[in-house]
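File shown: run25.cif (mmCIF, C-alpha atoms).
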```
data_entry
loop_
_atom_site.label_atom_id
_atom_site.label_comp_id
_atom_site.auth_asym_id
_atom_site.auth_seq_id
_atom_site.Cartn_x
_atom_site.Cartn_y
_atom_site.Cartn_z
CA MET A 1 5.98 -0.44 -29.74
CA ARG A 2 9.77 -0.65 -29.82
CA THR A 3 10.45 2.92 -28.91
CA THR A 4 12.79 2.35 -25.98
CA THR A 5 16.22 0.75 -25.83
CA PRO A 6 16.97 -2.02 -23.32
CA SER A 7 19.11 0.31 -21.22
CA GLU A 8 16.25 2.79 -21.05
CA ASP A 9 13.97 0.01 -19.81
CA PHE A 10 16.44 -0.61 -17.05
CA ILE A 11 17.23 2.97 -16.03
CA ARG A 12 13.69 4.28 -16.22
CA GLY A 13 12.44 2.59 -13.06
CA ILE A 14 15.38 3.74 -10.98
CA TRP A 15 14.94 7.49 -11.17
CA LYS A 16 12.76 9.01 -13.86
CA GLU A 17 9.79 6.76 -13.15
CA ASN A 18 10.70 5.74 -9.65
CA PRO A 19 7.69 3.74 -8.48
CA VAL A 20 7.46 5.22 -5.00
CA LEU A 21 8.79 8.76 -5.31
CA ILE A 22 7.40 9.73 -8.71
CA GLN A 23 4.54 7.39 -9.53
CA MET A 24 3.26 7.04 -5.96
CA LEU A 25 2.76 3.32 -6.34
CA GLY A 26 3.36 0.81 -3.60
CA LEU A 27 3.03 3.45 -0.92
CA CYS A 28 1.61 1.14 1.72
CA PRO A 29 4.75 -0.96 2.21
CA ALA A 30 6.94 2.08 1.63
CA LEU A 31 5.42 3.78 4.64
CA ALA A 32 4.49 0.89 6.86
CA VAL A 33 7.68 -1.11 7.20
CA THR A 34 10.35 1.54 6.80
CA ASN A 35 10.85 2.36 10.47
CA THR A 36 14.28 0.69 10.34
CA VAL A 37 16.70 0.05 7.49
CA LYS A 38 16.69 -3.68 8.16
CA ASN A 39 12.93 -3.97 7.73
CA ALA A 40 13.07 -1.79 4.64
CA LEU A 41 15.74 -4.05 3.16
CA ALA A 42 13.83 -7.26 3.91
CA MET A 43 10.69 -5.78 2.40
CA SER A 44 12.44 -4.60 -0.74
CA ALA A 45 14.16 -7.96 -1.17
CA ALA A 46 10.83 -9.79 -0.99
CA THR A 47 9.17 -7.34 -3.38
CA PHE A 48 12.14 -7.50 -5.75
CA PHE A 49 11.88 -11.29 -5.85
CA VAL A 50 8.14 -11.26 -6.53
CA LEU A 51 8.42 -8.52 -9.15
CA CYS A 52 11.21 -10.21 -11.14
CA CYS A 53 9.70 -13.68 -11.01
CA SER A 54 6.22 -12.59 -12.02
CA SER A 55 7.54 -10.32 -14.78
CA MET A 56 9.52 -13.20 -16.23
CA LEU A 57 6.71 -15.72 -15.99
CA ILE A 58 4.04 -13.40 -17.34
CA SER A 59 6.10 -12.16 -20.26
CA SER A 60 6.92 -15.74 -21.23
CA VAL A 61 3.32 -16.97 -21.17
CA LYS A 62 1.64 -13.76 -22.31
CA ARG A 63 0.47 -15.37 -25.54
CA PHE A 64 -1.65 -17.92 -23.67
CA ILE A 65 -3.46 -15.45 -21.40
CA PRO A 66 -6.81 -14.32 -22.82
CA LYS A 67 -7.22 -10.59 -22.71
CA GLU A 68 -10.46 -10.67 -20.70
CA VAL A 69 -9.00 -12.46 -17.70
CA ARG A 70 -5.52 -11.01 -17.80
CA ILE A 71 -5.74 -9.01 -14.58
CA SER A 72 -6.94 -11.98 -12.57
CA SER A 73 -4.26 -14.16 -14.11
CA TYR A 74 -1.57 -11.63 -13.20
CA ILE A 75 -2.86 -11.46 -9.65
CA LEU A 76 -2.78 -15.24 -9.37
CA VAL A 77 0.80 -15.40 -10.60
CA ILE A 78 1.80 -12.64 -8.18
CA ALA A 79 -0.02 -14.33 -5.29
CA THR A 80 1.84 -17.56 -5.98
CA PHE A 81 5.21 -15.87 -5.78
CA VAL A 82 4.20 -13.94 -2.68
CA THR A 83 3.30 -17.21 -0.98
CA LEU A 84 6.74 -18.50 -1.96
CA ALA A 85 8.47 -15.38 -0.63
CA ASP A 86 6.47 -15.64 2.57
CA MET A 87 7.57 -19.23 3.13
CA ILE A 88 11.21 -18.55 2.24
CA LEU A 89 11.38 -15.60 4.65
CA GLN A 90 9.72 -17.62 7.38
CA ALA A 91 12.27 -20.38 6.94
CA TYR A 92 15.46 -18.34 6.62
CA ALA A 93 14.75 -15.05 8.38
CA PRO A 94 12.12 -15.76 11.04
CA VAL A 95 12.91 -12.56 12.96
CA GLN A 96 12.31 -10.32 9.94
CA HIS A 97 9.26 -12.36 9.02
CA LYS A 98 7.77 -11.66 12.41
CA GLU A 99 8.61 -7.95 12.23
CA LEU A 100 7.03 -7.51 8.83
CA GLY A 101 4.05 -9.66 9.74
CA ALA A 102 1.06 -9.24 7.49
CA PHE A 103 2.90 -6.85 5.21
CA ILE A 104 4.60 -9.72 3.39
CA ALA A 105 1.19 -11.04 2.36
CA LEU A 106 0.25 -7.50 1.39
CA ILE A 107 2.85 -7.53 -1.39
CA VAL A 108 0.06 -9.13 -3.44
CA VAL A 109 -1.83 -5.87 -3.48
CA ASN A 110 1.19 -3.71 -4.23
CA CYS A 111 -0.05 -1.71 -7.20
CA MET A 112 3.51 -1.31 -8.46
CA ILE A 113 3.86 -5.00 -9.28
CA LEU A 114 0.52 -5.32 -11.03
CA GLY A 115 1.20 -2.05 -12.81
CA ARG A 116 4.47 -3.30 -14.31
CA GLN A 117 2.79 -6.48 -15.54
CA GLU A 118 -0.04 -4.61 -17.18
CA ALA A 119 2.08 -1.82 -18.60
CA PHE A 120 5.19 -3.71 -19.62
CA SER A 121 5.49 -7.49 -19.23
CA SER A 122 2.25 -8.18 -21.06
CA ARG A 123 3.65 -6.81 -24.30
CA ASN A 124 7.41 -7.21 -24.20
CA THR A 125 9.96 -10.03 -24.40
CA VAL A 126 11.21 -11.92 -21.36
CA TYR A 127 14.61 -10.24 -21.47
CA ARG A 128 13.25 -6.71 -21.58
CA SER A 129 10.61 -7.45 -18.96
CA LEU A 130 13.31 -8.71 -16.66
CA LEU A 131 15.36 -5.55 -17.24
CA ASP A 132 12.31 -3.45 -16.52
CA ALA A 133 11.52 -5.44 -13.38
CA VAL A 134 15.08 -5.20 -12.09
CA GLY A 135 15.13 -1.45 -12.72
CA THR A 136 11.81 -0.90 -11.00
CA GLY A 137 12.87 -3.17 -8.16
CA ILE A 138 16.07 -1.17 -7.65
CA GLY A 139 14.09 2.06 -7.70
CA PHE A 140 11.75 0.67 -5.06
CA THR A 141 14.68 -0.50 -2.94
CA ILE A 142 16.38 2.89 -3.14
CA ALA A 143 13.20 4.67 -2.06
CA LEU A 144 12.59 2.27 0.81
CA ILE A 145 16.15 2.41 2.10
CA MET A 146 16.11 6.19 1.89
CA MET A 147 12.92 6.29 3.97
CA GLY A 148 14.20 3.64 6.38
CA GLY A 149 17.52 5.46 6.74
CA PHE A 150 15.98 8.82 7.53
CA ARG A 151 13.51 7.36 9.97
CA GLU A 152 15.95 5.08 11.78
CA ILE A 153 18.68 7.71 12.08
CA LEU A 154 16.33 10.39 13.38
CA GLY A 155 13.99 8.18 15.33
CA ILE A 156 16.34 5.77 17.04
CA GLY A 157 19.74 7.29 16.36
CA THR A 158 21.13 4.17 14.72
CA PHE A 159 21.81 2.95 11.20
CA PHE A 160 21.55 -0.81 10.68
CA ASP A 161 21.53 -1.16 14.48
CA ILE A 162 24.87 0.68 14.72
CA PRO A 163 24.60 3.65 17.09
CA LEU A 164 25.60 6.84 15.30
CA PHE A 165 25.43 9.43 18.02
CA GLY A 166 26.67 9.55 21.57
CA PRO A 167 24.52 8.61 24.54
CA ASP A 168 23.31 12.21 24.75
CA PHE A 169 21.25 11.85 21.58
CA GLU A 170 17.59 12.41 22.24
CA PRO A 171 15.72 10.15 19.78
CA TRP A 172 13.09 11.84 17.65
CA VAL A 173 10.54 9.18 18.44
CA VAL A 174 7.84 10.49 16.16
CA MET A 175 9.89 9.47 13.12
CA VAL A 176 9.48 5.75 13.80
CA LEU A 177 5.79 6.17 14.50
CA PRO A 178 3.25 6.15 11.65
CA ALA A 179 3.12 9.95 11.48
CA GLY A 180 6.86 10.02 10.78
CA GLY A 181 6.34 7.89 7.69
CA PHE A 182 3.96 10.37 6.13
CA LEU A 183 6.13 13.33 7.09
CA THR A 184 9.35 11.77 5.79
CA LEU A 185 7.84 10.89 2.42
CA GLY A 186 6.19 14.31 2.24
CA PHE A 187 9.48 16.10 2.83
CA ILE A 188 11.37 13.88 0.39
CA ILE A 189 8.79 14.71 -2.29
CA LEU A 190 8.95 18.41 -1.47
CA ALA A 191 12.74 18.30 -1.73
CA MET A 192 12.48 16.60 -5.10
CA GLY A 193 10.03 19.27 -6.21
CA VAL A 194 12.50 22.00 -5.26
CA TYR A 195 15.27 20.19 -7.12
CA GLU A 196 13.18 19.84 -10.30
CA GLU A 197 12.17 23.50 -10.07
CA ARG A 198 15.81 24.62 -9.80
CA LYS A 199 16.74 22.42 -12.74
CA LYS A 200 14.02 23.95 -14.86
CA LEU A 201 15.17 27.45 -13.91
CA ARG A 202 18.78 26.63 -14.79
CA GLU A 203 17.73 25.24 -18.15
CA ALA A 204 15.62 28.31 -18.86
CA VAL A 205 18.67 30.56 -18.32
CA MET B 1 -9.69 -17.59 19.30
CA ASN B 2 -9.42 -14.05 20.47
CA ASP B 3 -11.11 -12.78 23.61
CA GLN B 4 -11.05 -9.03 22.96
CA THR B 5 -14.43 -7.41 23.59
CA LEU B 6 -16.41 -6.26 20.57
CA PHE B 7 -16.23 -2.68 21.78
CA SER B 8 -12.45 -2.65 21.97
CA ILE B 9 -12.13 -4.29 18.55
CA PHE B 10 -14.42 -1.66 17.07
CA PHE B 11 -12.63 1.31 18.58
CA SER B 12 -9.20 -0.09 17.95
CA ALA B 13 -9.99 -0.56 14.25
CA MET B 14 -11.70 2.78 13.89
CA VAL B 15 -9.44 5.29 15.63
CA VAL B 16 -6.53 3.86 17.60
CA ASN B 17 -5.21 1.62 14.83
CA ASN B 18 -6.92 3.53 12.05
CA PHE B 19 -6.27 1.59 8.84
CA THR B 20 -5.15 4.58 6.84
CA LEU B 21 -3.44 6.81 9.34
CA ALA B 22 -1.79 4.28 11.64
CA MET B 23 -1.32 1.22 9.45
CA PHE B 24 -0.96 2.77 5.99
CA LEU B 25 -3.58 0.57 4.38
CA GLY B 26 -5.69 1.90 1.55
CA LEU B 27 -3.43 4.81 0.69
CA CYS B 28 -4.18 4.83 -3.03
CA PRO B 29 -7.81 5.99 -2.67
CA PHE B 30 -6.70 8.15 0.26
CA MET B 31 -4.47 10.12 -2.09
CA GLY B 32 -6.66 9.72 -5.15
CA VAL B 33 -10.28 10.42 -4.25
CA SER B 34 -9.79 12.75 -1.31
CA ALA B 35 -10.19 15.97 -3.25
CA ARG B 36 -13.96 16.36 -2.70
CA VAL B 37 -15.80 15.61 0.54
CA GLU B 38 -18.81 14.08 -1.15
CA THR B 39 -16.85 11.67 -3.31
CA ALA B 40 -14.69 10.76 -0.34
CA LEU B 41 -17.75 9.97 1.74
CA ARG B 42 -19.22 7.74 -0.95
CA MET B 43 -15.92 5.99 -1.51
CA GLY B 44 -15.77 5.35 2.21
CA LEU B 45 -19.26 3.87 2.22
CA ALA B 46 -18.45 1.62 -0.75
CA ASN B 47 -15.37 0.54 1.19
CA ILE B 48 -17.39 -0.36 4.30
CA PHE B 49 -19.66 -2.50 2.17
CA VAL B 50 -16.80 -4.40 0.52
CA LEU B 51 -14.98 -4.75 3.85
CA VAL B 52 -17.95 -6.39 5.54
CA LEU B 53 -18.45 -8.77 2.62
CA THR B 54 -14.73 -9.60 2.64
CA SER B 55 -14.77 -10.27 6.35
CA LEU B 56 -17.70 -12.64 5.90
CA SER B 57 -16.10 -14.56 3.06
CA ALA B 58 -12.73 -14.70 4.76
CA TRP B 59 -14.37 -16.20 7.82
CA VAL B 60 -16.18 -18.83 5.75
CA LEU B 61 -12.98 -19.68 3.88
CA ASN B 62 -10.97 -19.93 7.09
CA THR B 63 -13.45 -22.02 8.99
CA TYR B 64 -14.60 -24.46 6.37
CA ILE B 65 -12.09 -24.63 3.56
CA LEU B 66 -8.61 -23.45 4.44
CA GLU B 67 -8.25 -25.46 7.61
CA THR B 68 -6.41 -28.19 5.78
CA ALA B 69 -4.47 -25.93 3.44
CA PRO B 70 -3.37 -22.71 5.15
CA TYR B 71 -0.67 -22.10 2.53
CA LEU B 72 -3.40 -21.34 -0.02
CA ARG B 73 -4.58 -18.42 2.08
CA ILE B 74 -3.04 -15.55 0.11
CA ILE B 75 -4.17 -16.95 -3.23
CA SER B 76 -7.72 -17.73 -2.19
CA PHE B 77 -8.20 -14.41 -0.38
CA ILE B 78 -7.13 -12.40 -3.37
CA ILE B 79 -9.53 -14.30 -5.62
CA VAL B 80 -12.38 -13.66 -3.21
CA VAL B 81 -11.53 -9.96 -2.98
CA ALA B 82 -11.25 -9.63 -6.75
CA SER B 83 -14.61 -11.25 -7.39
CA LEU B 84 -16.30 -9.23 -4.64
CA VAL B 85 -15.01 -5.98 -6.11
CA GLN B 86 -16.23 -7.08 -9.52
CA ILE B 87 -19.72 -7.69 -8.12
CA VAL B 88 -19.81 -4.38 -6.26
CA GLU B 89 -18.65 -2.62 -9.42
CA MET B 90 -21.53 -4.12 -11.39
CA VAL B 91 -24.05 -3.25 -8.69
CA VAL B 92 -22.84 0.36 -8.40
CA LYS B 93 -22.84 0.76 -12.16
CA LYS B 94 -26.45 -0.40 -12.32
CA ILE B 95 -27.82 1.42 -9.28
CA ALA B 96 -25.80 4.64 -9.20
CA PRO B 97 -24.18 5.38 -12.56
CA ALA B 98 -23.24 8.90 -11.48
CA LEU B 99 -21.29 7.61 -8.51
CA PHE B 100 -19.71 5.01 -10.77
CA ARG B 101 -18.30 7.72 -13.01
CA GLN B 102 -17.10 9.79 -10.03
CA LEU B 103 -15.19 6.95 -8.46
CA GLY B 104 -13.70 6.10 -11.83
CA ILE B 105 -10.62 3.93 -11.78
CA PHE B 106 -10.60 3.70 -8.00
CA LEU B 107 -13.52 1.30 -7.90
CA PRO B 108 -11.85 -1.54 -9.85
CA LEU B 109 -8.59 -0.60 -8.11
CA MET B 110 -10.20 -1.68 -4.85
CA THR B 111 -8.94 -5.15 -5.76
CA THR B 112 -5.46 -3.91 -5.07
CA ASN B 113 -6.64 -1.84 -2.13
CA CYS B 114 -4.50 -3.05 0.73
CA ALA B 115 -7.18 -2.19 3.26
CA ILE B 116 -9.51 -4.87 1.99
CA PHE B 117 -6.93 -7.60 1.58
CA GLY B 118 -5.25 -6.50 4.81
CA LEU B 119 -8.51 -6.86 6.71
CA ALA B 120 -8.82 -10.50 5.66
CA ILE B 121 -5.21 -11.20 6.67
CA PHE B 122 -5.40 -9.39 10.02
CA GLN B 123 -8.68 -11.05 10.86
CA THR B 124 -7.09 -14.44 10.26
CA ASN B 125 -3.88 -13.68 12.13
CA ARG B 126 -5.76 -12.47 15.17
CA GLY B 127 -8.23 -15.37 15.11
CA TYR B 128 -11.42 -13.31 15.21
CA ASP B 129 -14.67 -15.25 15.20
CA PHE B 130 -17.65 -14.43 12.99
CA LEU B 131 -19.11 -11.56 15.00
CA GLN B 132 -15.73 -10.10 15.90
CA GLY B 133 -14.82 -10.14 12.22
CA ILE B 134 -17.92 -8.18 11.23
CA VAL B 135 -17.38 -5.63 14.00
CA PHE B 136 -13.74 -5.32 12.96
CA ALA B 137 -14.78 -4.72 9.35
CA VAL B 138 -17.36 -2.07 10.22
CA GLY B 139 -14.91 -0.32 12.54
CA ALA B 140 -12.14 -0.38 9.97
CA GLY B 141 -14.52 0.87 7.28
CA LEU B 142 -15.75 3.74 9.44
CA GLY B 143 -12.14 4.58 10.24
CA LEU B 144 -11.29 4.69 6.54
CA THR B 145 -14.31 6.88 5.84
CA LEU B 146 -13.39 9.19 8.70
CA ALA B 147 -9.83 9.57 7.43
CA LEU B 148 -11.00 10.12 3.85
CA VAL B 149 -13.57 12.74 4.79
CA LEU B 150 -11.19 14.59 7.12
CA MET B 151 -8.54 14.63 4.43
CA ALA B 152 -11.00 15.78 1.78
CA SER B 153 -12.30 18.63 3.90
CA ILE B 154 -8.78 19.83 4.68
CA ARG B 155 -7.88 19.68 1.01
CA GLU B 156 -11.01 21.55 -0.02
CA THR B 157 -10.13 24.31 2.40
CA SER B 158 -6.48 24.41 1.45
CA GLU B 159 -7.37 24.92 -2.19
CA LEU B 160 -8.36 28.48 -1.36
CA SER B 161 -5.22 29.27 0.59
CA ASP B 162 -1.97 30.60 -0.75
CA ILE B 163 0.42 27.66 -1.09
CA PRO B 164 3.87 27.78 -2.70
CA ALA B 165 3.70 26.21 -6.16
CA ILE B 166 6.12 23.39 -5.44
CA ALA B 167 4.24 22.26 -2.35
CA LYS B 168 1.00 21.74 -4.23
CA GLY B 169 -0.07 18.16 -4.82
CA THR B 170 1.30 15.04 -3.23
CA GLY B 171 3.89 16.61 -0.97
CA LEU B 172 1.32 18.72 0.80
CA THR B 173 -1.18 15.86 0.97
CA LEU B 174 1.40 13.66 2.64
CA ILE B 175 2.30 16.29 5.19
CA ILE B 176 -1.37 16.88 6.00
CA ALA B 177 -1.72 13.11 6.39
CA GLY B 178 1.25 13.16 8.75
CA SER B 179 -0.37 15.80 10.92
CA LEU B 180 -3.67 13.89 10.93
CA SER B 181 -1.79 10.77 11.93
CA LEU B 182 -0.14 12.70 14.76
CA ALA B 183 -3.56 13.85 15.92
CA PHE B 184 -4.89 10.29 15.82
CA MET B 185 -2.03 9.18 18.05
CA GLY B 186 -3.88 11.03 20.78
CA PHE B 187 -6.46 8.25 20.75
CA ALA B 188 -3.85 5.69 21.78
CA GLY B 189 -4.68 6.21 25.44
CA LEU B 190 -8.31 5.26 24.91
CA LEU B 191 -7.81 1.52 25.10
#
```
Just give me the structure of the file as structure tokens.
Amino acid sequence: MRTTTPSEDFIRGIWKENPVLIQMLGLCPALAVTNTVKNALAMSAATFFVLCCSSMLISSVKRFIPKEVRISSYILVIATFVTLADMILQAYAPVQHKELGAFIALIVVNCMILGRQEAFSSRNTVYRSLLDAVGTGIGFTIALIMMGGFREILGIGTFFDIPLFGPDFEPWVVMVLPAGGFLTLGFIILAMGVYEERKKLREAV
Amino acid sequence: MNDQTLFSIFFSAMVVNNFTLAMFLGLCPFMGVSARVETALRMGLANIFVLVLTSLSAWVLNTYILETAPYLRIISFIIVVASLVQIVEMVVKKIAPALFRQLGIFLPLMTTNCAIFGLAIFQTNRGYDFLQGIVFAVGAGLGLTLALVLMASIRETSELSDIPAIAKGTGLTLIIAGSLSLAFMGFAGLL
């Protein structure tokens, strides 16, 4: 199974197999909490923490997990770290914790995390699983910040709470509403489709 | 305790705060099994069933067991959801094997369906009692079904229309979902 190099494990999650933009995993948090960059950042930090910790733990104890109950065991490990993340956020960033609300608990059911455990950590060493988790986590963060950036700039006219436009700016309110989440992701994916198409054309010539 | 009326809980869960279109829960099946109306409808019905069972078990857990250990909530909820989905999977396989094949991977994936886990969490956060919880679950399930069926019928129709090649697939689905979500915002004035 050693067909990839460690650097490939790391890079893969960032662009080529970006969990949100290419694989369409973990869409719920990507759409629900990205109305501002701050929320997007808090969410990605929590997910990053859970992903790395569970990848490390699962890859180090993979020999002791019977195959039949592996999914449930993964979920339990993930749930434990989510509880931890929930408590840490509540203690150190109560404002963000309140904003994100139930979506912190919902990290448990983020298919991206379970997917990485099943597809990678369960059959690779701790070091490579960590690389894979960090790569995927960065990919997730990039996607979330991109979404949060677009939506906050267009919908409120600020970036990280810093006003970008003059007082005459008419906020595009729909972008911070749920509909804006779908539309933003839809347009990002369309743009990526156009880019890939152009690349293919260039290569053909 | 929460003193919302049953009617307002039901309508809020079904249309105003529709789980899929306003709260982004349960997006995986929304994208995955929304290609055919019939499959979408059945998936929605299976979802209602699991949602009601989840609501029941979450209420029992909250009232009798987790009172002394609220920090175990996430872990115990996910175990309950996982075992419920397992049971439903076995039942569906036995009773309706054709449906079982149609739903494919999305049936076991219900474990990681945010809608089901989210329902348990929201119900707890808002302090719904037994009856309110059931009404909330039915409303949310009907809302999910409604969104799934609407999406599936739009996609069935759009298959026949002339769409640029790059827009086919997820991009288009997301933009349709965005428009549906916009339309559902119109319900916000209801409550």
task = Taking the file above as input, evaluate the PyMOL selection byres ((chain B) within 6 of (chain A)) and report the hits as a PyMOL selection string.
result = chain B and resi 22+24-25+75+112+114+166+171+174-175+178+181-182
Just the selected residues (C-alpha atoms), exported as a CSV table (one decimal), keeping the file's coordinate frame, please.
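Result saved to again_17.csv:
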```csv
chain,number,residue,atom,x,y,z
B,22,ALA,CA,-1.8,4.3,11.6
B,24,PHE,CA,-1.0,2.8,6.0
B,25,LEU,CA,-3.6,0.6,4.4
B,75,ILE,CA,-4.2,-17.0,-3.2
B,112,THR,CA,-5.5,-3.9,-5.1
B,114,CYS,CA,-4.5,-3.0,0.7
B,166,ILE,CA,6.1,23.4,-5.4
B,171,GLY,CA,3.9,16.6,-1.0
B,174,LEU,CA,1.4,13.7,2.6
B,175,ILE,CA,2.3,16.3,5.2
B,178,GLY,CA,1.2,13.2,8.8
B,181,SER,CA,-1.8,10.8,11.9
B,182,LEU,CA,-0.1,12.7,14.8
```
request  = Would you list the contacts of region 32-42 of chain B as a VMD selection string, taking every protein, DNA or RNA residue within 10 Å and counting only C-alpha atoms, but skipping same-chain residues closer than 5 positions in sequence?
outcome  = chain B and resid 27 47 to 48 99 102 to 106 144 to 156 159 170 173
key: Contacts of Thr125 (chain A) within 9 Å, only C-alpha atoms, excl. fewer than 3 positions in-chain, as a PyMOL selection string   = chain A and resi 56+59-60+121-122+128-130
task = Run the PyMOL selection byres ((chain B and resi 53) around 12) mentally over the shown coordinates, then write out the matched residues as a ChimeraX atom specification, using the chain letters and numbers from the document.
result = /B:46-52,54-60,80-85,87-88,116-117,119-120,130,133-138,141
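What separates CA of Asn18 (chain B) from CA of Ile65 (chain B) is a distance of 29.9 Å.
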key: Atomic distance CA of Val134 (chain A) - CA of Gly149 (chain A), expressed in Å with one decimal   =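 Interatomic distance, CA of Val134 (chain A) to CA of Gly149 (chain A): 21.8 Å.
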task = Quote the spacing between CA of Thr34 (chain A) and CA of Pro19 (chain A) in Å to one decimal place.
result = 15.7 Å
ask   = Which residues, protein or nucleic acid, reach to within 12 Å of (12.5, -1.3, -19.5) in the file's coordinates when using all atoms listed in the file, and can you give that as a PyMOL selection string?
value = chain A and resi 2-14+16-17+55+116-117+119-121+123-137
Kindly compute an axis-aligned box around the listed atoms of region 129-140 of chain A, allowing 4 Å on each side, and express its centre and edge lengths in Å to one decimal as lines of an AutoDock Vina configuration file.
```
center_x = 13.3
center_y = -3.3
center_z = -12.0
size_x = 13.5
size_y = 18.8
size_z = 21.9
```
task = Determine the residue set returned by the PyMOL selection byres ((chain B and resi 13) around 9) for the present structure, and present it as a ChimeraX atom specification.
result = /B:8-12,14-19,135-143
Would it be fine to have region 162-179 of chain B, with N, CA and C atoms, given as a short mmCIF file (atom, residue, chain, number, x, y, z; two decimals), in the first residue's frame?
```cif
data_model
loop_
_atom_site.label_atom_id
_atom_site.label_comp_id
_atom_site.auth_asym_id
_atom_site.auth_seq_id
_atom_site.Cartn_x
_atom_site.Cartn_y
_atom_site.Cartn_z
N ASP B 162 -31.01 22.02 -21.62
CA ASP B 162 -29.69 22.19 -22.20
C ASP B 162 -28.81 22.99 -21.24
N ILE B 163 -27.92 22.29 -20.55
CA ILE B 163 -27.08 22.94 -19.54
C ILE B 163 -25.63 22.88 -20.00
N PRO B 164 -24.87 23.99 -19.84
CA PRO B 164 -23.46 23.94 -20.19
C PRO B 164 -22.74 22.82 -19.46
N ALA B 165 -21.81 22.16 -20.12
CA ALA B 165 -21.19 20.96 -19.56
C ALA B 165 -20.57 21.20 -18.19
N ILE B 166 -19.92 22.36 -18.01
CA ILE B 166 -19.22 22.55 -16.74
C ILE B 166 -20.19 22.74 -15.59
N ALA B 167 -21.40 23.19 -15.88
CA ALA B 167 -22.33 23.47 -14.79
C ALA B 167 -23.03 22.21 -14.31
N LYS B 168 -22.90 21.12 -15.05
CA LYS B 168 -23.59 19.90 -14.65
C LYS B 168 -23.01 19.38 -13.35
N GLY B 169 -23.87 18.74 -12.55
CA GLY B 169 -23.37 18.14 -11.31
C GLY B 169 -23.53 19.06 -10.12
N THR B 170 -22.52 19.03 -9.24
CA THR B 170 -22.68 19.66 -7.94
C THR B 170 -22.93 21.15 -8.00
N GLY B 171 -22.22 21.84 -8.91
CA GLY B 171 -22.36 23.28 -8.97
C GLY B 171 -23.80 23.67 -9.18
N LEU B 172 -24.42 23.03 -10.15
CA LEU B 172 -25.82 23.35 -10.46
C LEU B 172 -26.72 22.99 -9.28
N THR B 173 -26.49 21.81 -8.69
CA THR B 173 -27.31 21.38 -7.56
C THR B 173 -27.26 22.41 -6.44
N LEU B 174 -26.06 22.91 -6.18
CA LEU B 174 -25.91 23.89 -5.10
C LEU B 174 -26.66 25.17 -5.41
N ILE B 175 -26.60 25.59 -6.67
CA ILE B 175 -27.27 26.84 -7.01
C ILE B 175 -28.78 26.67 -6.97
N ILE B 176 -29.27 25.49 -7.38
CA ILE B 176 -30.71 25.22 -7.24
C ILE B 176 -31.07 25.26 -5.76
N ALA B 177 -30.23 24.63 -4.93
CA ALA B 177 -30.49 24.62 -3.48
C ALA B 177 -30.55 26.04 -2.94
N GLY B 178 -29.65 26.90 -3.46
CA GLY B 178 -29.65 28.29 -3.03
C GLY B 178 -30.96 28.98 -3.37
N SER B 179 -31.46 28.72 -4.58
CA SER B 179 -32.72 29.35 -4.97
C SER B 179 -33.88 28.83 -4.12
#
```
